Protein chains: 4
Amino acid sequence: MPLTMNREVFITCAVTGSGGTQDRSPHVPRSPKQIADSAIDAAKAGAAVVHCHVRDPETGKPSRALALYREVTERIRDAGEDVVLNLTAGMGGDIYFEGTEDMGRIGPRSDMAGAAERVAHVVACRPEICTLDCGTMNFNEADYVMVNTPGMLRDMAKRMTAAGVRIEIEAFDTGHLWLAKELEREGVIPEPVLVQLCMGVPWGAPDDLNTFMAMVNNVPSGWHWSAFALGRHQMGYVAASVLGGGNVRVGLEDNLWLDKGVLATNAQLVERAATIIENMGARVITPAEVRARLKLEKRAPL
Amino acid sequence: MPLTMNREVFITCAVTGSGGTQDRSPHVPRSPKQIADSAIDAAKAGAAVVHCHVRDPETGKPSRALALYREVTERIRDAGEDVVLNLTAGMGGDIYFEGTEDMGRIGPRSDMAGAAERVAHVVACRPEICTLDCGTMNFNEADYVMVNTPGMLRDMAKRMTAAGVRIEIEAFDTGHLWLAKELEREGVIPEPVLVQLCMGVPWGAPDDLNTFMAMVNNVPSGWHWSAFALGRHQMGYVAASVLGGGNVRVGLEDNLWLDKGVLATNAQLVERAATIIENMGARVITPAEVRARLKLEKRAPL
Amino acid sequence: MPLTMNREVFITCAVTGSGGTQDRSPHVPRSPKQIADSAIDAAKAGAAVVHCHVRDPETGKPSRALALYREVTERIRDAGEDVVLNLTAGMGGDIYFEGTEDMGRIGPRSDMAGAAERVAHVVACRPEICTLDCGTMNFNEADYVMVNTPGMLRDMAKRMTAAGVRIEIEAFDTGHLWLAKELEREGVIPEPVLVQLCMGVPWGAPDDLNTFMAMVNNVPSGWHWSAFALGRHQMGYVAASVLGGGNVRVGLEDNLWLDKGVLATNAQLVERAATIIENMGARVITPAEVRARLKLEKRAPL
Amino acid sequence: MPLTMNREVFITCAVTGSGGTQDRSPHVPRSPKQIADSAIDAAKAGAAVVHCHVRDPETGKPSRALALYREVTERIRDAGEDVVLNLTAGMGGDIYFEGTEDMGRIGPRSDMAGAAERVAHVVACRPEICTLDCGTMNFNEADYVMVNTPGMLRDMAKRMTAAGVRIEIEAFDTGHLWLAKELEREGVIPEPVLVQLCMGVPWGAPDDLNTFMAMVNNVPSGWHWSAFALGRHQMGYVAASVLGGGNVRVGLEDNLWLDKGVLATNAQLVERAATIIENMGARVITPAEVRARLKLEKRAPL
């Protein structure tokens, strides 16, 4: 079916992520307050959705402490700026192997949690959206595997839906999108379906346009989708995604740079994305419009 | 073969075209002086190449008068601003039919010239580049056909090459690109080969990304290419083209608008394209760099 | 939108065409009787649809004589074998230029007819389907242009529809498909819409899979489509078309060869296509099933 | 870069696999003798390469016992029929989780071996080719993950190369192909590089043509490639792969059926593939030709 450019685009800002970026840019927020402040600044710059991880405020390392999620949630809800909160549920599925001979056990650096524990903060904080990483793959580091089995995804998805939280499927490769369609077919992921096409994350789908188009052409009619590319293709993918009919994601989780040698803030990345979108003759839509489109329920403060 | 983003991009500004746009924007240049001035402003804004048609200074209608081409050429060469001049050779292949019954003759509005006449201004002015519309197709209007037969293309290409002018193939659909490859195989189009992928010109290739990728994937390895989309996708295609490994074309020939309700100048469109390119981490290259890449010979003033 | 393999496929046999093939194979039928016999044999071999041109019985050269079309139609209708008749309406839009200087008139070899004349045999014979070549392009020969302007297409389409004949759009490049969508949008081509994707016809869309996928991805949801490739890719495209969700066309109009050095009959090409389709786990459907799908009305003998 | 149809195609027969298919068809070979006999029959039918797993002769369940691999290797080498032997190295990287809460350990059904153990049979048997599954992903079953980390792949690849065995990369999704390119760039996978594009294996790349083309377009120029699709698309992918420029793989590992309701033998699947390839005007090449192309060294009997 022919593609049509998206004329009404929402921007998600991925505020901080879980990568080891905290020491590479002073703008990567660490504490709940910093994360919430950066998210709110992004919202002011035009992001309708803010996608948040949390970090240990001291070290900047990724955390999945409930108290941190709760503080981020409260701070964002209490701020005057309207924005749709999207919390990650991507953590707790990390296996690290040590070497290539001792394969019979998961290594000590692993962080493997059960389904209940992985969605505990989602159930507690009830963001309007949370993510579901729809597959298992090698990540960039030599012996780190992101594990999300179909059984785990079904369990997590049911808990998310029971909590009234809209699922954002994260598809890191074409097979993840296929699995997402299976989950939707099974009724595990309710409508309206939202999927994020994650391009250029090693070792998932590369960020060339041929692979991107294979992903886009496989999004079922009626689903809502967004896309991003890791690193320097971030702004190029803003344009490509809008041309392909999708929404966009930018932010420090995916890219630290505004220009060569110039580190970005989240708000600056959102502003730049908004400029590109508007230059293309499309309109950046508001949190209220996103809620109508995705059937989200605006939350009161916790 | 995998695509790679282009990190060193040249911008062509298509300054005025032959469309009936002269009454739709005050910024569409008509006289040779206006065209040259607008081209030079575009060069100052970052365009390494300026692609020029000429128009009747009074009416603004397209013309192929040699004197007008010569004046544009002289003015651009005499200006202090370095830029690669690219003249159209697209005119003189227009058949208009009158109605749908009297088909045995070409209609009175037609402008059909022989090969020698179609390239006379190229031979006389010796721009560094001239275009060759590599096919025959219906144009937007009901009964207007752009006619460029293979025989005509061979004849024109030989004359262009004999004049020392680099050919820019214009491919308006996938079959035009195929024909261009045949002409290159025959030796009619010499290396290095340059092709412009023209997207969204009715009734040629539409500007959806699937069609664009079919074009891009069919550009032979070793060719240089650029792309543009007509109308509101112009800026989106700047990003898409760079992502796909190409160069970019913007300008009033293809699009009149800067923003909703805001008519653009050529310089503004070039500036915006440059911003998008740089935002993507690529660099806008200079006329001298384009000359090195395409083996162009810088001209002295006429 | 994701593609789905077609599990219920109809085969069109393109029986004879208008190309200069009559002296290259003894199996290319010339006379109405030969054409009808070959068509009926193809139907017996599994073709639900037979697409017929007519030829001068003496010379084998293409003709558009009404009497020849009528005889083919009568012979096919009178035969005991059920099959959907599809007559070409592609003729009468041929411009030949002589050389590259005398461009102000169409050459003497041209065959340019008005709309009424081009569809006269369709109106007279009322096949269940007739073709509409949805664009203008260079054909293989040096100075031959196939001319079908938008105005001509609108006029012909209305006459076809008024005669109760289903239109099969022939799209030879991506722009032709775009124009077809415009004609459908205007109401000139009624539902259910049927399009043939014509791959590998110089100088239309080449037959590589990237270009094919651009065509397939641009077929609107709800349209019926088929595809073929000229020459040696004919059988490969049977598989590709079924995989992409389409129907198939084979026959001597497009390809003369069964195997290296072995000239084919239409029936043999259909048999082979049927074998490939069934090997893929799909089913070859009948003329009655095609009628139900395309809302065709079975004709009584003339 | 444009695709070109492959005119000289080799067929790999995937003889038995490791799936639970042994009770679904009497033709799935179990014992080393059955596997070798079926492989030799496939070679006689036109397979230049036979890709073999081994199974427990009693139960038919997958095994990685060295004695079984050795017997298969000896039997195939001792047979009069020339064929290139390709042994799997895919086993020993299987994690099964039990449920969705007890995630801190790998389950008892897991089979996780170290690099030395995973390639022990390759080093011992020295097939001309062995496979390297170039990624980590969920497999069809609910809680089974195929694990091949980058570190493991590097280690295995070095051992394979040290043993003089050509690596066949298996890419089950676009990210696996990306990782393979990284390994080749690192020098871990030597030239000439061979990759198998594995389509339709849940939850890897789906078998639609858009995804396939994304894979094909990402194969580096100069690599040799083949493709297959699981299940009923097997024969369709023979054609698609040849059209796209690749070689083909068929066999009972991937598909049990010849026709609706008719269980296939390996030889029958190879015959059918050969028929499709020859119908397309391509030629099926021999083991000797494959050796020349992939720089393989024909082995003497063990």
# chains A, B, ... in the order shown; residues from 1 in each chain; ligands from 1
>>> interface_residues(of="chain D", to="chain B", cutoff="6 Å", atoms="only C-alpha atoms", output="JSON, numbers by chain")
{"D": [1, 2, 217, 218, 219, 220, 221]}
>>> residues_around(residues="Glu81 in chain B", least_positions_apart="6", cutoff="9 Å", atoms="only C-alpha atoms", output="PyMOL selection string")
chain B and resi 40-41+43-44
>>> write_last_selection(atoms="N, CA and C atoms", output="PDB file, in the first residue's frame")
ATOM      1  N   ILE B  40      23.552  33.966  -8.061  1.00  0.00           N
ATOM      2  CA  ILE B  40      24.732  34.365  -7.278  1.00  0.00           C
ATOM      3  C   ILE B  40      24.392  34.412  -5.786  1.00  0.00           C
ATOM      4  N   ASP B  41      23.195  34.876  -5.482  1.00  0.00           N
ATOM      5  CA  ASP B  41      22.771  34.846  -4.075  1.00  0.00           C
ATOM      6  C   ASP B  41      22.714  33.404  -3.571  1.00  0.00           C
ATOM      7  N   ALA B  43      24.503  30.971  -4.667  1.00  0.00           N
ATOM      8  CA  ALA B  43      25.893  30.523  -4.496  1.00  0.00           C
ATOM      9  C   ALA B  43      26.462  31.033  -3.176  1.00  0.00           C
ATOM     10  N   LYS B  44      26.153  32.284  -2.883  1.00  0.00           N
ATOM     11  CA  LYS B  44      26.636  32.832  -1.614  1.00  0.00           C
ATOM     12  C   LYS B  44      26.054  32.065  -0.420  1.00  0.00           C
TER      13      LYS B  44
END
>>> residues_around(residues="Val49 in chain B", least_positions_apart="2", cutoff="6 Å", atoms="only C-alpha atoms", output="VMD selection string")
chain B and resid 12 47 83 to 85
>>> select_by_dssp(residues="range 18-191 of chain A", states="strand (DSSP E)", output="ChimeraX atom specification")
/A:49-52,54-55,62-63,84-87,93-96,111-112,129-133,137-138,144-146,166-171
>>> residues_around(residues="Lys158 in chain B", least_positions_apart="6", cutoff="12 Å", atoms="only C-alpha atoms", output="list of chain:residue names")
B:Ala115, B:Ala116, B:Val119, B:Val122, B:Val123, B:Leu132, B:Gly151, B:Met152, B:Gly164, B:Val165, B:Arg166, B:Ile167, B:Leu183, B:Glu184, B:Glu186, B:Gly187, B:Val188, B:Ile189, B:Pro190
>>> write_last_selection(atoms="N, CA, C and O atoms", output="JSON list (two decimals), in the first residue's frame")
[["chain", "number", "residue", "atom", "x", "y", "z"],
["B", 115, "ALA", "N", 18.07, 18.43, -32.91],
["B", 115, "ALA", "CA", 19.15, 18.28, -31.92],
["B", 115, "ALA", "C", 20.10, 19.48, -31.93],
["B", 115, "ALA", "O", 20.50, 19.98, -30.87],
["B", 116, "ALA", "N", 20.47, 19.92, -33.12],
["B", 116, "ALA", "CA", 21.44, 21.03, -33.20],
["B", 116, "ALA", "C", 20.89, 22.27, -32.52],
["B", 116, "ALA", "O", 21.59, 22.96, -31.76],
["B", 119, "VAL", "N", 20.76, 22.17, -28.60],
["B", 119, "VAL", "CA", 22.00, 22.34, -27.83],
["B", 119, "VAL", "C", 22.80, 23.56, -28.27],
["B", 119, "VAL", "O", 23.93, 23.76, -27.81],
["B", 122, "VAL", "N", 24.11, 25.57, -25.51],
["B", 122, "VAL", "CA", 25.15, 24.85, -24.75],
["B", 122, "VAL", "C", 26.49, 24.98, -25.46],
["B", 122, "VAL", "O", 27.52, 25.26, -24.83],
["B", 123, "VAL", "N", 26.45, 24.81, -26.77],
["B", 123, "VAL", "CA", 27.68, 24.93, -27.56],
["B", 123, "VAL", "C", 28.22, 26.36, -27.48],
["B", 123, "VAL", "O", 29.42, 26.57, -27.36],
["B", 132, "LEU", "N", 20.38, 16.73, -19.49],
["B", 132, "LEU", "CA", 19.85, 15.90, -20.57],
["B", 132, "LEU", "C", 18.68, 15.11, -20.00],
["B", 132, "LEU", "O", 18.89, 14.20, -19.19],
["B", 151, "GLY", "N", 17.20, 8.26, -29.89],
["B", 151, "GLY", "CA", 18.00, 8.82, -30.98],
["B", 151, "GLY", "C", 18.36, 10.27, -30.72],
["B", 151, "GLY", "O", 19.50, 10.70, -30.94],
["B", 152, "MET", "N", 17.40, 11.03, -30.28],
["B", 152, "MET", "CA", 17.65, 12.43, -29.95],
["B", 152, "MET", "C", 18.66, 12.55, -28.82],
["B", 152, "MET", "O", 19.58, 13.40, -28.86],
["B", 164, "GLY", "N", 32.67, 19.95, -24.68],
["B", 164, "GLY", "CA", 33.39, 19.95, -23.41],
["B", 164, "GLY", "C", 32.51, 20.20, -22.22],
["B", 164, "GLY", "O", 32.96, 20.66, -21.17],
["B", 165, "VAL", "N", 31.24, 19.90, -22.36],
["B", 165, "VAL", "CA", 30.28, 20.16, -21.28],
["B", 165, "VAL", "C", 29.89, 18.84, -20.62],
["B", 165, "VAL", "O", 29.56, 17.87, -21.31],
["B", 166, "ARG", "N", 29.99, 18.79, -19.31],
["B", 166, "ARG", "CA", 29.57, 17.60, -18.55],
["B", 166, "ARG", "C", 28.06, 17.47, -18.60],
["B", 166, "ARG", "O", 27.34, 18.45, -18.39],
["B", 167, "ILE", "N", 27.58, 16.26, -18.85],
["B", 167, "ILE", "CA", 26.14, 16.00, -18.90],
["B", 167, "ILE", "C", 25.61, 15.67, -17.52],
["B", 167, "ILE", "O", 26.18, 14.83, -16.82],
["B", 183, "LEU", "N", 22.90, 4.42, -22.49],
["B", 183, "LEU", "CA", 23.68, 5.44, -23.19],
["B", 183, "LEU", "C", 25.12, 5.48, -22.66],
["B", 183, "LEU", "O", 26.07, 5.66, -23.43],
["B", 184, "GLU", "N", 25.27, 5.29, -21.39],
["B", 184, "GLU", "CA", 26.62, 5.25, -20.83],
["B", 184, "GLU", "C", 27.37, 4.03, -21.34],
["B", 184, "GLU", "O", 28.55, 4.10, -21.68],
["B", 186, "GLU", "N", 26.94, 2.57, -24.11],
["B", 186, "GLU", "CA", 27.28, 2.82, -25.51],
["B", 186, "GLU", "C", 28.45, 3.79, -25.66],
["B", 186, "GLU", "O", 28.95, 3.99, -26.77],
["B", 187, "GLY", "N", 28.82, 4.44, -24.60],
["B", 187, "GLY", "CA", 29.89, 5.42, -24.67],
["B", 187, "GLY", "C", 29.41, 6.83, -25.00],
["B", 187, "GLY", "O", 30.22, 7.74, -25.17],
["B", 188, "VAL", "N", 28.12, 6.99, -25.08],
["B", 188, "VAL", "CA", 27.57, 8.30, -25.45],
["B", 188, "VAL", "C", 27.65, 9.28, -24.29],
["B", 188, "VAL", "O", 27.77, 10.49, -24.50],
["B", 189, "ILE", "N", 27.57, 8.76, -23.09],
["B", 189, "ILE", "CA", 27.72, 9.62, -21.91],
["B", 189, "ILE", "C", 29.03, 9.24, -21.24],
["B", 189, "ILE", "O", 29.17, 8.14, -20.71],
["B", 190, "PRO", "N", 30.00, 10.15, -21.25],
["B", 190, "PRO", "CA", 31.32, 9.81, -20.71],
["B", 190, "PRO", "C", 31.38, 9.92, -19.19],
["B", 190, "PRO", "O", 30.53, 10.56, -18.57]]
>>> select_by_dssp(residues="range 45-222 of chain C", states="alpha helix (DSSP H)", output="number ranges by chain")
C: 45, 66-78, 115-118, 120-125, 150-162, 174-185, 209-217
>>> residues_around(residues="range 264-274 of chain B", least_positions_apart="5", cutoff="7 Å", atoms="only C-alpha atoms", output="ChimeraX atom specification")
/B:13,15,27,38,41-42,45-47,235,238,250-252,256-258,284
>>> write_last_selection(atoms="N, CA and C atoms", output="PDB file, in the first residue's frame")
ATOM      1  N   CYS B  13      21.274  24.626  -6.910  1.00  0.00           N
ATOM      2  CA  CYS B  13      20.072  25.466  -6.840  1.00  0.00           C
ATOM      3  C   CYS B  13      19.473  25.564  -8.234  1.00  0.00           C
ATOM      4  N   VAL B  15      17.285  27.512 -10.280  1.00  0.00           N
ATOM      5  CA  VAL B  15      16.991  28.908  -9.999  1.00  0.00           C
ATOM      6  C   VAL B  15      15.603  29.362 -10.454  1.00  0.00           C
ATOM      7  N   HIS B  27       9.487  36.169  -6.253  1.00  0.00           N
ATOM      8  CA  HIS B  27      10.902  35.823  -6.166  1.00  0.00           C
ATOM      9  C   HIS B  27      11.393  35.018  -7.359  1.00  0.00           C
ATOM     10  N   SER B  38      19.910  36.058  -8.712  1.00  0.00           N
ATOM     11  CA  SER B  38      19.356  35.055  -7.804  1.00  0.00           C
ATOM     12  C   SER B  38      20.298  33.857  -7.703  1.00  0.00           C
ATOM     13  N   ASP B  41      23.195  34.876  -5.482  1.00  0.00           N
ATOM     14  CA  ASP B  41      22.771  34.846  -4.075  1.00  0.00           C
ATOM     15  C   ASP B  41      22.714  33.404  -3.571  1.00  0.00           C
ATOM     16  N   ALA B  42      22.243  32.525  -4.430  1.00  0.00           N
ATOM     17  CA  ALA B  42      22.175  31.103  -4.038  1.00  0.00           C
ATOM     18  C   ALA B  42      23.578  30.561  -3.798  1.00  0.00           C
ATOM     19  N   ALA B  45      24.849  31.568  -0.596  1.00  0.00           N
ATOM     20  CA  ALA B  45      24.198  30.835   0.494  1.00  0.00           C
ATOM     21  C   ALA B  45      24.686  29.400   0.591  1.00  0.00           C
ATOM     22  N   GLY B  46      25.477  28.957  -0.375  1.00  0.00           N
ATOM     23  CA  GLY B  46      26.045  27.618  -0.251  1.00  0.00           C
ATOM     24  C   GLY B  46      25.873  26.699  -1.442  1.00  0.00           C
ATOM     25  N   ALA B  47      25.181  27.166  -2.483  1.00  0.00           N
ATOM     26  CA  ALA B  47      25.013  26.319  -3.662  1.00  0.00           C
ATOM     27  C   ALA B  47      26.322  26.279  -4.445  1.00  0.00           C
ATOM     28  N   MET B 235      12.421  19.763   1.141  1.00  0.00           N
ATOM     29  CA  MET B 235      13.379  19.703   2.252  1.00  0.00           C
ATOM     30  C   MET B 235      13.493  18.280   2.812  1.00  0.00           C
ATOM     31  N   VAL B 238      16.033  16.574   0.815  1.00  0.00           N
ATOM     32  CA  VAL B 238      17.424  16.925   1.135  1.00  0.00           C
ATOM     33  C   VAL B 238      17.982  15.881   2.100  1.00  0.00           C
ATOM     34  N   VAL B 250      17.751  22.027  -4.551  1.00  0.00           N
ATOM     35  CA  VAL B 250      16.598  22.812  -4.100  1.00  0.00           C
ATOM     36  C   VAL B 250      16.495  24.023  -5.017  1.00  0.00           C
ATOM     37  N   GLY B 251      15.484  24.816  -4.838  1.00  0.00           N
ATOM     38  CA  GLY B 251      15.360  26.039  -5.624  1.00  0.00           C
ATOM     39  C   GLY B 251      13.946  26.261  -6.123  1.00  0.00           C
ATOM     40  N   LEU B 252      13.738  27.458  -6.619  1.00  0.00           N
ATOM     41  CA  LEU B 252      12.391  27.888  -7.002  1.00  0.00           C
ATOM     42  C   LEU B 252      11.858  27.145  -8.221  1.00  0.00           C
ATOM     43  N   LEU B 256       8.184  26.727  -4.342  1.00  0.00           N
ATOM     44  CA  LEU B 256       8.135  28.179  -4.118  1.00  0.00           C
ATOM     45  C   LEU B 256       8.123  28.566  -2.644  1.00  0.00           C
ATOM     46  N   TRP B 257       7.929  27.600  -1.764  1.00  0.00           N
ATOM     47  CA  TRP B 257       7.586  27.943  -0.388  1.00  0.00           C
ATOM     48  C   TRP B 257       8.711  27.678   0.598  1.00  0.00           C
ATOM     49  N   LEU B 258       8.868  28.618   1.523  1.00  0.00           N
ATOM     50  CA  LEU B 258       9.807  28.443   2.621  1.00  0.00           C
ATOM     51  C   LEU B 258       9.086  27.828   3.812  1.00  0.00           C
ATOM     52  N   VAL B 284      28.859  20.695   3.445  1.00  0.00           N
ATOM     53  CA  VAL B 284      28.493  21.250   2.139  1.00  0.00           C
ATOM     54  C   VAL B 284      29.781  21.592   1.403  1.00  0.00           C
TER      55      VAL B 284
END
>>> atom_distance(atom1="CA of Arg283 in chain A", atom2="CA of Ala229 in chain B")
19.3 Å
>>> atom_distance(atom1="CA of Glu74 in chain A", atom2="CA of Met156 in chain A")
23.2 Å
>>> residues_around(residues="His51 in chain A", least_positions_apart="5", cutoff="6 Å", atoms="only C-alpha atoms", output="short mmCIF file (atom, residue, chain, number, x, y, z; two decimals) with C-alpha atoms, in the first residue's frame")
data_model
loop_
_atom_site.label_atom_id
_atom_site.label_comp_id
_atom_site.auth_asym_id
_atom_site.auth_seq_id
_atom_site.Cartn_x
_atom_site.Cartn_y
_atom_site.Cartn_z
CA CYS A 13 12.18 12.96 23.35
CA ALA A 14 14.25 10.08 24.71
CA ASN A 86 6.56 7.23 28.55
CA LEU A 87 8.63 5.08 30.92
#
>>> decode(residues="range 188-215 of chain D", atoms="N, CA and C atoms", output="compact mmCIF listing (two decimals), in the first residue's frame")
# COMPACT_ATOMS: atom_id res chain seq x y z
N VAL D 188 38.07 -11.22 10.86
CA VAL D 188 37.74 -12.50 11.49
C VAL D 188 37.13 -13.47 10.48
N ILE D 189 36.44 -12.94 9.51
CA ILE D 189 35.88 -13.78 8.45
C ILE D 189 36.64 -13.46 7.17
N PRO D 190 37.43 -14.43 6.66
CA PRO D 190 38.26 -14.14 5.48
C PRO D 190 37.47 -14.22 4.18
N GLU D 191 38.01 -13.64 3.17
CA GLU D 191 37.45 -13.70 1.81
C GLU D 191 37.75 -15.05 1.18
N PRO D 192 37.00 -15.47 0.17
CA PRO D 192 35.74 -14.89 -0.26
C PRO D 192 34.64 -15.17 0.76
N VAL D 193 33.81 -14.16 0.98
CA VAL D 193 32.79 -14.27 2.02
C VAL D 193 31.51 -14.86 1.43
N LEU D 194 30.90 -15.75 2.19
CA LEU D 194 29.66 -16.43 1.79
C LEU D 194 28.62 -16.21 2.87
N VAL D 195 27.44 -15.77 2.46
CA VAL D 195 26.38 -15.55 3.46
C VAL D 195 25.09 -16.19 2.98
N GLN D 196 24.40 -16.78 3.93
CA GLN D 196 23.08 -17.35 3.68
C GLN D 196 22.04 -16.44 4.32
N LEU D 197 21.11 -15.94 3.52
CA LEU D 197 20.04 -15.10 4.05
C LEU D 197 18.87 -16.01 4.42
N CYS D 198 18.57 -16.06 5.70
CA CYS D 198 17.59 -17.01 6.22
C CYS D 198 16.28 -16.26 6.46
N MET D 199 15.30 -16.50 5.62
CA MET D 199 14.07 -15.72 5.66
C MET D 199 12.93 -16.55 6.27
N GLY D 200 12.13 -15.87 7.05
CA GLY D 200 10.91 -16.52 7.53
C GLY D 200 11.13 -17.46 8.70
N VAL D 201 12.24 -17.31 9.42
CA VAL D 201 12.47 -18.11 10.62
C VAL D 201 11.99 -17.29 11.82
N PRO D 202 10.90 -17.69 12.44
CA PRO D 202 10.45 -16.88 13.60
C PRO D 202 11.47 -16.95 14.72
N TRP D 203 11.86 -15.84 15.29
CA TRP D 203 11.45 -14.46 15.12
C TRP D 203 12.59 -13.65 14.54
N GLY D 204 13.03 -14.11 13.38
CA GLY D 204 13.98 -13.36 12.60
C GLY D 204 13.26 -12.65 11.47
N ALA D 205 13.99 -12.36 10.42
CA ALA D 205 13.43 -11.62 9.29
C ALA D 205 12.25 -12.36 8.69
N PRO D 206 11.13 -11.69 8.51
CA PRO D 206 9.99 -12.33 7.83
C PRO D 206 10.31 -12.52 6.35
N ASP D 207 9.50 -13.31 5.68
CA ASP D 207 9.85 -13.69 4.30
C ASP D 207 9.15 -12.86 3.24
N ASP D 208 8.67 -11.69 3.61
CA ASP D 208 8.12 -10.82 2.56
C ASP D 208 9.26 -10.25 1.71
N LEU D 209 8.93 -9.88 0.50
CA LEU D 209 9.96 -9.44 -0.44
C LEU D 209 10.59 -8.11 -0.04
N ASN D 210 9.87 -7.25 0.66
CA ASN D 210 10.50 -6.00 1.08
C ASN D 210 11.65 -6.28 2.05
N THR D 211 11.42 -7.16 2.99
CA THR D 211 12.50 -7.48 3.93
C THR D 211 13.64 -8.18 3.19
N PHE D 212 13.27 -9.09 2.32
CA PHE D 212 14.30 -9.79 1.54
C PHE D 212 15.18 -8.79 0.79
N MET D 213 14.55 -7.82 0.15
CA MET D 213 15.34 -6.86 -0.62
C MET D 213 16.23 -6.02 0.29
N ALA D 214 15.77 -5.72 1.49
CA ALA D 214 16.65 -4.99 2.42
C ALA D 214 17.89 -5.82 2.73
N MET D 215 17.69 -7.12 2.86
CA MET D 215 18.84 -8.00 3.09
C MET D 215 19.75 -8.01 1.85
